[in-house]
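The file final12.csv contains CSV, C-alpha atoms (C1' of nucleotides) and all ligand atoms:
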chain,number,residue,atom,x,y,z
A,1,MET,CA,0.0,0.0,0.0
A,2,GLN,CA,1.2,3.5,-0.9
A,3,THR,CA,1.7,5.9,2.0
A,4,ARG,CA,0.1,9.3,1.9
A,5,GLU,CA,3.6,10.9,1.9
A,6,SER,CA,4.8,9.0,-1.1
A,7,LEU,CA,1.6,9.7,-3.0
A,8,GLN,CA,1.9,13.4,-2.4
A,9,GLN,CA,5.6,13.3,-3.5
A,10,GLN,CA,4.7,11.4,-6.6
A,11,PHE,CA,2.0,13.9,-7.5
A,12,GLU,CA,4.2,16.2,-9.5
A,13,THR,CA,5.9,13.3,-11.4
A,14,ARG,CA,2.5,11.7,-12.1
A,15,CYS,CA,1.2,15.0,-13.5
A,16,ARG,CA,4.2,15.4,-15.7
A,17,ALA,CA,3.8,11.9,-17.0
A,18,LEU,CA,0.2,12.7,-17.9
A,19,GLY,CA,1.0,16.0,-19.5
A,20,LEU,CA,-0.9,17.9,-16.8
A,21,ALA,CA,0.4,21.2,-15.5
A,22,VAL,CA,1.3,21.2,-11.8
A,23,THR,CA,-0.8,24.1,-10.6
A,24,HIS,CA,-1.2,25.3,-7.0
A,25,GLN,CA,-4.9,24.4,-7.1
A,26,ARG,CA,-4.3,20.9,-8.3
A,27,THR,CA,-1.6,20.3,-5.7
A,28,VAL,CA,-3.9,21.5,-2.8
A,29,ILE,CA,-6.9,19.6,-4.1
A,30,TYR,CA,-5.0,16.4,-4.4
A,31,GLY,CA,-3.3,17.0,-1.1
A,32,GLU,CA,-6.6,17.3,0.7
A,33,LEU,CA,-7.9,14.2,-0.9
A,34,ILE,CA,-5.1,12.0,0.2
A,35,ALA,CA,-4.8,13.7,3.6
A,36,THR,CA,-8.4,12.7,4.6
A,37,GLY,CA,-9.2,9.0,5.0
A,38,GLU,CA,-12.8,10.0,4.2
A,39,HIS,CA,-14.7,9.7,0.9
A,40,PRO,CA,-15.7,13.3,0.4
A,41,THR,CA,-18.0,14.9,-2.1
A,42,PRO,CA,-16.6,17.6,-4.5
A,43,GLU,CA,-18.4,20.2,-2.4
A,44,ALA,CA,-16.6,19.0,0.8
A,45,VAL,CA,-13.3,19.0,-1.0
A,46,TYR,CA,-14.1,22.6,-2.1
A,47,GLU,CA,-14.7,23.7,1.5
A,48,ARG,CA,-11.4,22.2,2.6
A,49,VAL,CA,-9.4,23.7,-0.2
A,50,LYS,CA,-11.0,27.1,0.2
A,51,ALA,CA,-9.4,27.3,3.6
A,52,GLN,CA,-6.0,27.3,1.8
A,53,ILE,CA,-7.0,29.1,-1.5
A,54,PRO,CA,-9.9,31.4,-0.7
A,55,ALA,CA,-10.3,32.5,-4.3
A,56,ILE,CA,-10.7,29.0,-5.7
A,57,SER,CA,-13.8,28.2,-7.8
A,58,LEU,CA,-16.0,25.2,-7.2
A,59,GLY,CA,-15.8,24.7,-11.0
A,60,THR,CA,-12.1,24.2,-10.7
A,61,VAL,CA,-12.6,21.5,-8.1
A,62,TYR,CA,-15.1,19.7,-10.3
A,63,LYS,CA,-12.8,20.0,-13.3
A,64,ASN,CA,-9.8,18.7,-11.5
A,65,VAL,CA,-11.6,15.9,-9.8
A,66,LYS,CA,-12.8,14.8,-13.2
A,67,THR,CA,-9.2,15.1,-14.6
A,68,PHE,CA,-7.9,13.0,-11.7
A,69,LEU,CA,-10.6,10.4,-12.1
A,70,ASP,CA,-9.8,10.1,-15.8
A,71,ALA,CA,-6.1,9.8,-15.0
A,72,GLY,CA,-6.7,7.2,-12.4
A,73,LEU,CA,-5.4,9.3,-9.5
A,74,LEU,CA,-8.8,9.0,-7.9
A,75,LYS,CA,-11.6,6.5,-7.9
A,76,GLU,CA,-15.3,7.1,-7.4
A,77,VAL,CA,-17.0,5.0,-4.7
A,78,SER,CA,-20.1,4.2,-6.6
A,79,LEU,CA,-20.7,3.3,-10.2
A,80,HIS,CA,-24.3,4.4,-10.1
A,81,HIS,CA,-24.2,7.8,-8.6
A,82,GLY,CA,-25.9,10.4,-10.6
A,83,THR,CA,-29.2,8.8,-11.0
A,84,LEU,CA,-31.5,6.7,-8.9
A,85,ARG,CA,-31.7,3.1,-10.0
A,86,LEU,CA,-34.8,1.2,-8.7
A,87,ASP,CA,-35.1,-2.4,-7.8
A,88,ALA,CA,-38.5,-4.1,-7.4
A,89,ASN,CA,-36.8,-7.2,-6.1
A,90,THR,CA,-36.9,-6.6,-2.4
A,91,GLU,CA,-35.4,-10.0,-1.5
A,92,PRO,CA,-31.7,-9.9,-0.5
A,93,HIS,CA,-29.6,-10.4,-3.6
A,94,HIS,CA,-26.5,-9.1,-5.3
A,95,HIS,CA,-25.7,-7.3,-8.6
A,96,MET,CA,-23.5,-7.5,-11.6
A,97,VAL,CA,-22.8,-4.0,-13.1
A,98,CYS,CA,-21.6,-3.3,-16.6
A,99,THR,CA,-19.2,-0.3,-16.6
A,100,ARG,CA,-20.0,0.4,-20.3
A,101,CYS,CA,-23.8,0.4,-20.5
A,102,ARG,CA,-24.5,0.7,-16.8
A,103,ARG,CA,-27.0,-2.1,-16.9
A,104,ILE,CA,-27.5,-4.0,-13.7
A,105,PHE,CA,-28.2,-7.7,-13.5
A,106,ASP,CA,-29.4,-9.7,-10.5
A,107,ILE,CA,-27.3,-12.4,-8.8
A,108,PRO,CA,-29.3,-14.6,-6.3
A,109,GLU,CA,-27.8,-14.6,-2.9
A,110,THR,CA,-27.3,-18.4,-3.2
A,111,GLU,CA,-24.8,-18.0,-6.0
A,112,PHE,CA,-22.2,-16.7,-3.5
A,113,GLY,CA,-20.5,-18.7,-0.8
A,114,PRO,CA,-20.8,-17.2,2.6
A,115,VAL,CA,-18.9,-13.9,3.0
A,116,HIS,CA,-16.9,-13.6,6.1
A,117,LEU,CA,-15.0,-10.7,7.5
A,118,LYS,CA,-12.0,-11.3,9.7
A,119,ASN,CA,-12.5,-8.2,11.9
A,120,LEU,CA,-14.3,-4.9,11.4
A,121,PRO,CA,-11.9,-2.0,11.1
A,122,GLU,CA,-14.6,0.3,12.6
A,123,SER,CA,-15.5,-0.7,16.2
A,124,GLY,CA,-19.2,-0.5,17.0
A,125,PHE,CA,-20.4,-0.8,13.4
A,126,GLN,CA,-23.7,-2.7,13.4
A,127,ILE,CA,-23.8,-4.8,10.2
A,128,ASP,CA,-27.1,-4.9,8.5
A,129,ARG,CA,-26.2,-6.7,5.3
A,130,PHE,CA,-23.5,-7.4,2.8
A,131,SER,CA,-23.9,-6.1,-0.7
A,132,ILE,CA,-21.7,-7.5,-3.4
A,133,GLU,CA,-21.2,-6.0,-6.8
A,134,VAL,CA,-19.6,-7.9,-9.6
A,135,VAL,CA,-18.1,-5.1,-11.8
A,136,GLY,CA,-17.2,-5.7,-15.4
A,137,VAL,CA,-18.4,-5.7,-18.9
A,138,CYS,CA,-21.6,-7.4,-20.0
A,139,GLY,CA,-21.8,-9.9,-22.9
A,140,ALA,CA,-23.5,-7.4,-25.2
A,141,CYS,CA,-21.0,-4.7,-24.6
A,142,ALA,CA,-18.0,-7.0,-24.8
A,143,ALA,CA,-19.3,-8.3,-28.2
A,144,ALA,CA,-19.9,-4.8,-29.5
A,145,ARG,CA,-16.3,-3.7,-28.6
A,146,PRO,CA,-13.8,-6.4,-27.5
A,147,GLU,CA,-11.0,-5.3,-25.2
A,148,SER,CA,-10.6,-1.6,-24.7
A,149,SER,CA,-9.7,-1.2,-28.4
A,150,GLY,CA,-11.2,1.2,-30.9
A,151,PRO,CA,-10.2,4.8,-31.0
A,152,GLY,CA,-12.4,7.4,-29.4
A,153,ALA,CA,-14.3,4.8,-27.4
A,154,SER,CA,-14.2,6.0,-23.8
A,155,ALA,CA,-15.8,4.4,-20.7
A,156,ALA,CA,-18.9,6.6,-20.7
A,157,ASP,CA,-19.9,6.1,-24.3
A,158,ASN,CA,-23.3,4.4,-24.3
A,159,LYS,CA,-25.8,7.1,-23.5
A,160,ARG,CA,-28.8,5.5,-21.8
A,161,VAL,CA,-29.4,1.9,-22.7
A,162,LEU,CA,-31.1,1.6,-19.3
B,1,MET,CA,-38.8,-15.7,-3.9
B,2,GLN,CA,-42.0,-13.9,-4.7
B,3,THR,CA,-43.3,-14.3,-8.2
B,4,ARG,CA,-44.2,-11.2,-10.2
B,5,GLU,CA,-47.8,-12.3,-10.3
B,6,SER,CA,-48.2,-12.6,-6.6
B,7,LEU,CA,-46.5,-9.3,-6.0
B,8,GLN,CA,-48.8,-7.5,-8.4
B,9,GLN,CA,-51.8,-9.2,-6.7
B,10,GLN,CA,-50.6,-8.2,-3.3
B,11,PHE,CA,-50.1,-4.6,-4.4
B,12,GLU,CA,-53.6,-3.5,-3.5
B,13,THR,CA,-53.5,-5.2,-0.1
B,14,ARG,CA,-50.2,-3.7,0.7
B,15,CYS,CA,-51.3,-0.2,-0.2
B,16,ARG,CA,-54.4,-0.6,2.0
B,17,ALA,CA,-52.2,-1.8,4.9
B,18,LEU,CA,-50.0,1.2,4.4
B,19,GLY,CA,-52.9,3.6,4.1
B,20,LEU,CA,-52.1,4.5,0.5
B,21,ALA,CA,-54.8,5.1,-2.0
B,22,VAL,CA,-54.8,2.5,-4.8
B,23,THR,CA,-54.7,4.9,-7.8
B,24,HIS,CA,-54.4,4.0,-11.5
B,25,GLN,CA,-51.0,5.7,-11.7
B,26,ARG,CA,-49.6,3.8,-8.7
B,27,THR,CA,-50.9,0.5,-10.0
B,28,VAL,CA,-49.3,1.0,-13.5
B,29,ILE,CA,-46.0,2.4,-12.0
B,30,TYR,CA,-45.6,-0.5,-9.7
B,31,GLY,CA,-46.7,-3.0,-12.4
B,32,GLU,CA,-44.0,-1.7,-14.8
B,33,LEU,CA,-41.4,-1.9,-12.1
B,34,ILE,CA,-42.0,-5.6,-11.3
B,35,ALA,CA,-42.6,-6.5,-14.9
B,36,THR,CA,-39.1,-5.5,-15.9
B,37,GLY,CA,-36.2,-7.5,-14.6
B,38,GLU,CA,-34.1,-4.3,-15.0
B,39,HIS,CA,-33.1,-1.6,-12.6
B,40,PRO,CA,-34.6,1.4,-14.3
B,41,THR,CA,-34.2,5.1,-13.5
B,42,PRO,CA,-37.3,7.1,-12.6
B,43,GLU,CA,-37.1,8.7,-16.1
B,44,ALA,CA,-37.2,5.2,-17.7
B,45,VAL,CA,-40.1,4.2,-15.6
B,46,TYR,CA,-41.9,7.4,-16.7
B,47,GLU,CA,-41.3,6.5,-20.4
B,48,ARG,CA,-42.8,3.1,-19.9
B,49,VAL,CA,-45.8,4.3,-17.9
B,50,LYS,CA,-46.5,7.1,-20.3
B,51,ALA,CA,-47.3,4.4,-22.9
B,52,GLN,CA,-50.3,3.4,-20.8
B,53,ILE,CA,-51.1,6.7,-19.2
B,54,PRO,CA,-50.1,9.5,-21.6
B,55,ALA,CA,-51.2,12.3,-19.3
B,56,ILE,CA,-49.0,11.2,-16.4
B,57,SER,CA,-46.5,13.6,-15.0
B,58,LEU,CA,-42.9,12.9,-14.3
B,59,GLY,CA,-43.4,14.4,-10.9
B,60,THR,CA,-46.0,11.8,-10.1
B,61,VAL,CA,-43.5,9.0,-11.0
B,62,TYR,CA,-40.9,10.6,-8.7
B,63,LYS,CA,-43.5,11.1,-5.9
B,64,ASN,CA,-44.6,7.5,-6.0
B,65,VAL,CA,-41.2,6.0,-6.4
B,66,LYS,CA,-40.3,7.8,-3.2
B,67,THR,CA,-43.5,6.6,-1.5
B,68,PHE,CA,-42.8,3.0,-2.6
B,69,LEU,CA,-39.2,3.3,-1.3
B,70,ASP,CA,-40.3,4.6,2.0
B,71,ALA,CA,-42.9,1.8,2.2
B,72,GLY,CA,-40.3,-0.9,1.3
B,73,LEU,CA,-42.1,-1.9,-1.8
B,74,LEU,CA,-39.0,-0.9,-3.8
B,75,LYS,CA,-35.3,-0.7,-3.0
B,76,GLU,CA,-32.7,1.5,-4.5
B,77,VAL,CA,-29.6,-0.1,-5.9
B,78,SER,CA,-27.0,2.3,-4.6
B,79,LEU,CA,-26.8,3.9,-1.2
B,80,HIS,CA,-24.6,6.6,-2.6
B,81,HIS,CA,-26.5,8.0,-5.4
B,82,GLY,CA,-27.1,11.7,-5.6
B,83,THR,CA,-23.6,12.9,-5.1
B,84,LEU,CA,-20.2,11.8,-6.2
B,85,ARG,CA,-18.0,10.3,-3.5
B,86,LEU,CA,-14.3,10.4,-4.1
B,87,ASP,CA,-11.7,7.9,-3.0
B,88,ALA,CA,-8.0,8.8,-3.1
B,89,ASN,CA,-7.2,5.2,-2.2
B,90,THR,CA,-6.7,3.6,-5.6
B,91,GLU,CA,-5.7,0.2,-4.3
B,92,PRO,CA,-8.4,-2.4,-4.5
B,93,HIS,CA,-10.4,-2.4,-1.2
B,94,HIS,CA,-13.9,-2.6,0.1
B,95,HIS,CA,-16.2,-0.3,2.1
B,96,MET,CA,-18.4,-0.1,5.1
B,97,VAL,CA,-21.3,2.3,4.6
B,98,CYS,CA,-23.4,3.9,7.4
B,99,THR,CA,-27.0,4.3,6.3
B,100,ARG,CA,-27.6,7.1,8.8
B,101,CYS,CA,-24.7,9.6,8.2
B,102,ARG,CA,-23.6,8.2,4.8
B,103,ARG,CA,-20.0,8.0,5.9
B,104,ILE,CA,-17.8,5.5,4.2
B,105,PHE,CA,-15.0,3.5,5.8
B,106,ASP,CA,-12.3,1.5,4.1
B,107,ILE,CA,-12.0,-2.2,4.6
B,108,PRO,CA,-8.7,-3.7,3.3
B,109,GLU,CA,-9.1,-6.4,0.8
B,110,THR,CA,-7.3,-8.8,3.1
B,111,GLU,CA,-10.1,-8.6,5.7
B,112,PHE,CA,-12.3,-10.7,3.4
B,113,GLY,CA,-11.9,-14.3,2.6
B,114,PRO,CA,-11.9,-15.0,-1.2
B,115,VAL,CA,-15.3,-14.4,-2.8
B,116,HIS,CA,-16.4,-17.1,-5.1
B,117,LEU,CA,-19.3,-17.2,-7.5
B,118,LYS,CA,-20.8,-20.5,-8.3
B,119,ASN,CA,-21.9,-19.5,-11.8
B,120,LEU,CA,-22.6,-16.2,-13.5
B,121,PRO,CA,-26.3,-15.7,-14.4
B,122,GLU,CA,-25.3,-13.5,-17.4
B,123,SER,CA,-23.3,-15.4,-19.9
B,124,GLY,CA,-20.4,-13.6,-21.4
B,125,PHE,CA,-20.0,-11.1,-18.6
B,126,GLN,CA,-16.3,-10.3,-18.1
B,127,ILE,CA,-15.5,-9.8,-14.5
B,128,ASP,CA,-13.3,-6.9,-13.7
B,129,ARG,CA,-13.5,-7.0,-9.9
B,130,PHE,CA,-15.7,-7.7,-6.9
B,131,SER,CA,-16.9,-4.8,-4.8
B,132,ILE,CA,-18.2,-5.6,-1.3
B,133,GLU,CA,-20.1,-3.1,0.8
B,134,VAL,CA,-20.8,-3.8,4.4
B,135,VAL,CA,-24.1,-1.9,5.0
B,136,GLY,CA,-25.1,-0.9,8.5
B,137,VAL,CA,-24.9,1.8,11.2
B,138,CYS,CA,-21.6,3.2,12.3
B,139,GLY,CA,-20.6,3.4,16.0
B,140,ALA,CA,-21.2,7.1,16.3
B,141,CYS,CA,-24.7,6.9,14.8
B,142,ALA,CA,-25.6,3.9,16.8
B,143,ALA,CA,-24.5,5.6,20.0
B,144,ALA,CA,-26.5,8.8,19.1
B,145,ARG,CA,-29.7,6.8,18.5
B,146,PRO,CA,-29.8,3.2,19.5
B,147,GLU,CA,-32.2,0.9,17.6
B,148,SER,CA,-34.7,2.6,15.3
B,149,SER,CA,-36.4,4.3,18.2
B,150,GLY,CA,-37.1,7.9,18.8
B,151,PRO,CA,-40.0,9.6,17.2
B,152,GLY,CA,-39.6,11.5,14.0
B,153,ALA,CA,-36.2,10.1,13.4
B,154,SER,CA,-36.1,8.8,9.8
B,155,ALA,CA,-33.4,7.3,7.8
B,156,ALA,CA,-32.4,10.5,6.1
B,157,ASP,CA,-32.0,12.7,9.1
B,158,ASN,CA,-28.3,13.6,9.3
B,159,LYS,CA,-27.8,16.3,6.8
B,160,ARG,CA,-24.2,16.3,5.6
B,161,VAL,CA,-21.8,14.9,8.1
B,162,LEU,CA,-19.6,14.1,5.1
C,1,DT,C1',-74.1,10.0,-3.6
C,2,DA,C1',-71.7,13.7,-0.9
C,3,DT,C1',-67.7,14.8,1.8
C,4,DT,C1',-62.9,15.1,2.3
C,5,DA,C1',-58.2,14.2,2.4
C,6,DA,C1',-55.0,12.3,-0.5
C,7,DA,C1',-53.1,12.2,-5.0
C,8,DC,C1',-52.7,14.3,-9.5
C,9,DG,C1',-50.7,17.4,-13.3
C,10,DA,C1',-48.5,21.6,-14.3
C,11,DT,C1',-44.9,24.1,-13.3
C,12,DA,C1',-41.5,26.7,-10.4
C,13,DA,C1',-37.5,25.9,-7.5
C,14,DT,C1',-33.4,23.6,-6.0
C,15,DT,C1',-29.3,20.9,-6.2
C,16,DA,C1',-25.5,18.7,-8.5
C,17,DT,C1',-22.8,19.1,-12.4
C,18,DT,C1',-21.0,20.7,-16.8
C,19,DA,C1',-20.0,24.3,-20.4
C,20,DT,C1',-18.5,28.8,-21.9
C,21,DC,C1',-15.4,32.5,-22.1
C,22,DG,C1',-12.2,36.1,-21.1
C,23,DT,C1',-8.1,36.3,-18.1
C,24,DT,C1',-4.0,34.3,-15.8
C,25,DC,C1',-0.2,31.3,-15.2
C,26,DG,C1',2.9,27.1,-15.9
C,27,DT,C1',5.9,25.2,-19.4
C,28,DC,C1',9.4,25.2,-22.5
C,29,DA,C1',12.4,26.8,-26.0
C,30,DA,C1',15.3,30.6,-27.1
D,1,DT,C1',15.8,34.8,-17.6
D,2,DT,C1',12.4,35.8,-20.7
D,3,DG,C1',8.5,35.6,-23.9
D,4,DA,C1',5.1,32.9,-26.4
D,5,DC,C1',1.5,29.9,-26.1
D,6,DG,C1',-1.7,26.7,-24.7
D,7,DA,C1',-3.5,24.9,-20.5
D,8,DA,C1',-5.9,26.0,-16.5
D,9,DC,C1',-8.3,29.4,-13.7
D,10,DG,C1',-12.5,32.2,-11.9
D,11,DA,C1',-16.9,33.8,-13.0
D,12,DT,C1',-21.0,32.7,-14.5
D,13,DA,C1',-24.5,30.6,-17.5
D,14,DA,C1',-26.6,26.3,-18.8
D,15,DT,C1',-28.2,21.6,-18.1
D,16,DA,C1',-29.9,17.5,-15.6
D,17,DA,C1',-31.9,15.3,-11.7
D,18,DT,C1',-34.9,15.9,-8.2
D,19,DT,C1',-38.1,18.2,-5.0
D,20,DA,C1',-41.7,21.7,-3.8
D,21,DT,C1',-45.9,24.3,-4.6
D,22,DC,C1',-50.6,24.8,-5.7
D,23,DG,C1',-55.0,24.5,-7.8
D,24,DT,C1',-57.8,20.6,-9.5
D,25,DT,C1',-59.3,15.8,-9.5
D,26,DT,C1',-60.2,11.4,-7.5
D,27,DA,C1',-60.3,7.3,-4.3
D,28,DA,C1',-62.2,6.1,0.2
D,29,DT,C1',-65.8,5.9,3.1
D,30,DA,C1',-69.9,6.9,5.3
E,201,MN,MN,-31.7,-6.3,-8.2
E,202,MN,MN,-12.1,3.7,0.0
E,203,ZN,ZN,-23.0,-3.5,-21.0
E,204,ZN,ZN,-23.1,6.9,10.8
Transcribe the structure of this file into structure tokens.
Amino acid sequence: MQTRESLQQQFETRCRALGLAVTHQRTVIYGELIATGEHPTPEAVYERVKAQIPAISLGTVYKNVKTFLDAGLLKEVSLHHGTLRLDANTEPHHHMVCTRCRRIFDIPETEFGPVHLKNLPESGFQIDRFSIEVVGVCGACAAARPESSGPGASAADNKRVL
Amino acid sequence: MQTRESLQQQFETRCRALGLAVTHQRTVIYGELIATGEHPTPEAVYERVKAQIPAISLGTVYKNVKTFLDAGLLKEVSLHHGTLRLDANTEPHHHMVCTRCRRIFDIPETEFGPVHLKNLPESGFQIDRFSIEVVGVCGACAAARPESSGPGASAADNKRVL
DNA sequence: TATTAAACGATAATTATTATCGTTCGTCAA
DNA sequence: TTGACGAACGATAATAATTATCGTTTAATA
């Protein structure tokens, strides 16, 4: 596992490698993100960064967060943020999610062997349930575009096949 | 597992039990939701319902979807929809999510035994990774309000403790 | 069948996010 | 070191998803 220190040190190098200018704003935004062990919203990042750069714009935070996500410097916690996805199946079950078309398929609970945690990092956490997502590319999408080949074909191509 | 038929039959009974009027709009909205094995957005539900009730309003779909979610007739696929949550930890790992304050805690991959799927329901799905979420109530929230007691304390109380 | 509160449709408002555009700044070659 | 230039910035407008408001309609029940 990378330490926060080494990540911050590597930041400049990584930007250079990606052809990204190393601006003060970017340095502070990224610094705040690795400094916190939390999973903040762009708005929350903005609040923290504003303490160090009062003139920064929320738009700049959004732009750079997107840049960092594209570059792989950051990850987003949920694949399906942005719009509500409904499930009429109220029985406990799991999901398979296609990163290309965003379709979601059910997996019955019985298809998984029992999940067991060695020990909870957060003490006092009351577990309600486990939710497993199998993340990947569905058959239809894989057939349409094998591998990650094909020029100009990015991750967020398929507009609404929901 | 409940069949779609029995669910649809029970709809009226369930509404009565919940004190909800059995309207044409509600019946069709719920019918479409259980008829599809998909996990549609409210917009997609609206499109399908409009074929049967051309005069229906998108607002009505949203209102009833919310009503159904509150009543437990529907579930939402993702706990963290609505706003982007960022993660500076790009190593593979899992999460613990508090349903009260929406905070997210890391769980190292090593804390879980190997997850194995018996067989994929969708053929041709290329698995990229497994993502496990431990859903429950964090220590702080549990201490603040044990059980689901306390009047007027609903699931979406804590406004932004992100 | 009349009463009435709940639900509806239309539409305004809000929130999260993205786009536009003129100005500023980091990069790099001279 | 400096100057040119394109990338990035801040301000702000625009868009998308969702929620709120409000006058009208309708389901429930007596
Ligand atoms: Mn499902
Ligand atoms: Mn994490
Ligand atoms: Zn797909
Ligand atoms: Zn909590």
Check: which chain A residues lie within 7 Å of chain B using all atoms listed in the file, as a ChimeraX atom specification
/A:33-34,38-41,73-78,80-88,90,104-105,107,111-113,115-119,121,123-139,162
Would you output that residue set with C-alpha atoms, as a CSV table (one decimal), in the coordinates of the input?
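Saved result, again-v4.csv, follows:
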chain,number,residue,atom,x,y,z
A,33,LEU,CA,-7.9,14.2,-0.9
A,34,ILE,CA,-5.1,12.0,0.2
A,38,GLU,CA,-12.8,10.0,4.2
A,39,HIS,CA,-14.7,9.7,0.9
A,40,PRO,CA,-15.7,13.3,0.4
A,41,THR,CA,-18.0,14.9,-2.1
A,73,LEU,CA,-5.4,9.3,-9.5
A,74,LEU,CA,-8.8,9.0,-7.9
A,75,LYS,CA,-11.6,6.5,-7.9
A,76,GLU,CA,-15.3,7.1,-7.4
A,77,VAL,CA,-17.0,5.0,-4.7
A,78,SER,CA,-20.1,4.2,-6.6
A,80,HIS,CA,-24.3,4.4,-10.1
A,81,HIS,CA,-24.2,7.8,-8.6
A,82,GLY,CA,-25.9,10.4,-10.6
A,83,THR,CA,-29.2,8.8,-11.0
A,84,LEU,CA,-31.5,6.7,-8.9
A,85,ARG,CA,-31.7,3.1,-10.0
A,86,LEU,CA,-34.8,1.2,-8.7
A,87,ASP,CA,-35.1,-2.4,-7.8
A,88,ALA,CA,-38.5,-4.1,-7.4
A,90,THR,CA,-36.9,-6.6,-2.4
A,104,ILE,CA,-27.5,-4.0,-13.7
A,105,PHE,CA,-28.2,-7.7,-13.5
A,107,ILE,CA,-27.3,-12.4,-8.8
A,111,GLU,CA,-24.8,-18.0,-6.0
A,112,PHE,CA,-22.2,-16.7,-3.5
A,113,GLY,CA,-20.5,-18.7,-0.8
A,115,VAL,CA,-18.9,-13.9,3.0
A,116,HIS,CA,-16.9,-13.6,6.1
A,117,LEU,CA,-15.0,-10.7,7.5
A,118,LYS,CA,-12.0,-11.3,9.7
A,119,ASN,CA,-12.5,-8.2,11.9
A,121,PRO,CA,-11.9,-2.0,11.1
A,123,SER,CA,-15.5,-0.7,16.2
A,124,GLY,CA,-19.2,-0.5,17.0
A,125,PHE,CA,-20.4,-0.8,13.4
A,126,GLN,CA,-23.7,-2.7,13.4
A,127,ILE,CA,-23.8,-4.8,10.2
A,128,ASP,CA,-27.1,-4.9,8.5
A,129,ARG,CA,-26.2,-6.7,5.3
A,130,PHE,CA,-23.5,-7.4,2.8
A,131,SER,CA,-23.9,-6.1,-0.7
A,132,ILE,CA,-21.7,-7.5,-3.4
A,133,GLU,CA,-21.2,-6.0,-6.8
A,134,VAL,CA,-19.6,-7.9,-9.6
A,135,VAL,CA,-18.1,-5.1,-11.8
A,136,GLY,CA,-17.2,-5.7,-15.4
A,137,VAL,CA,-18.4,-5.7,-18.9
A,138,CYS,CA,-21.6,-7.4,-20.0
A,139,GLY,CA,-21.8,-9.9,-22.9
A,162,LEU,CA,-31.1,1.6,-19.3
Residues of chain B near chain C: apply a cut-off of 12 Å, count all atoms listed in the file, and supply the list as a PDB file with C-alpha atoms, keeping the file's coordinate frame.
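To be explicit, this is the file written out as part.pdb:
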ATOM      1  CA  GLY B  19     -52.900   3.600   4.100  1.00  0.00           C
ATOM      2  CA  LEU B  20     -52.100   4.500   0.500  1.00  0.00           C
ATOM      3  CA  ALA B  21     -54.800   5.100  -2.000  1.00  0.00           C
ATOM      4  CA  VAL B  22     -54.800   2.500  -4.800  1.00  0.00           C
ATOM      5  CA  THR B  23     -54.700   4.900  -7.800  1.00  0.00           C
ATOM      6  CA  HIS B  24     -54.400   4.000 -11.500  1.00  0.00           C
ATOM      7  CA  GLN B  25     -51.000   5.700 -11.700  1.00  0.00           C
ATOM      8  CA  ARG B  26     -49.600   3.800  -8.700  1.00  0.00           C
ATOM      9  CA  PRO B  54     -50.100   9.500 -21.600  1.00  0.00           C
ATOM     10  CA  ALA B  55     -51.200  12.300 -19.300  1.00  0.00           C
ATOM     11  CA  ILE B  56     -49.000  11.200 -16.400  1.00  0.00           C
ATOM     12  CA  SER B  57     -46.500  13.600 -15.000  1.00  0.00           C
ATOM     13  CA  LEU B  58     -42.900  12.900 -14.300  1.00  0.00           C
ATOM     14  CA  GLY B  59     -43.400  14.400 -10.900  1.00  0.00           C
ATOM     15  CA  THR B  60     -46.000  11.800 -10.100  1.00  0.00           C
ATOM     16  CA  VAL B  61     -43.500   9.000 -11.000  1.00  0.00           C
ATOM     17  CA  LYS B  63     -43.500  11.100  -5.900  1.00  0.00           C
ATOM     18  CA  ASN B  64     -44.600   7.500  -6.000  1.00  0.00           C
ATOM     19  CA  THR B  67     -43.500   6.600  -1.500  1.00  0.00           C
ATOM     20  CA  HIS B  81     -26.500   8.000  -5.400  1.00  0.00           C
ATOM     21  CA  GLY B  82     -27.100  11.700  -5.600  1.00  0.00           C
ATOM     22  CA  THR B  83     -23.600  12.900  -5.100  1.00  0.00           C
ATOM     23  CA  LEU B  84     -20.200  11.800  -6.200  1.00  0.00           C
TER      24      LEU B  84
END
Could you please select, counting only C-alpha atoms (C1' of nucleotides), the residues of chain D within 10 Å of chain A and state them as a PyMOL selection string?
chain D and resi 7-11+16-18
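In this model, the gap between CA of Arg100 (chain B) and CA of Phe11 (chain B) comes to 28.6 Å.
Atom pair CA of His93 (chain A) / atom ZN of ligand ZN 204 (chain E): separated by 23.4 Å.
You will find CA of Arg16 (chain B) at 27.1 Å from C1' of DT21 (chain D).
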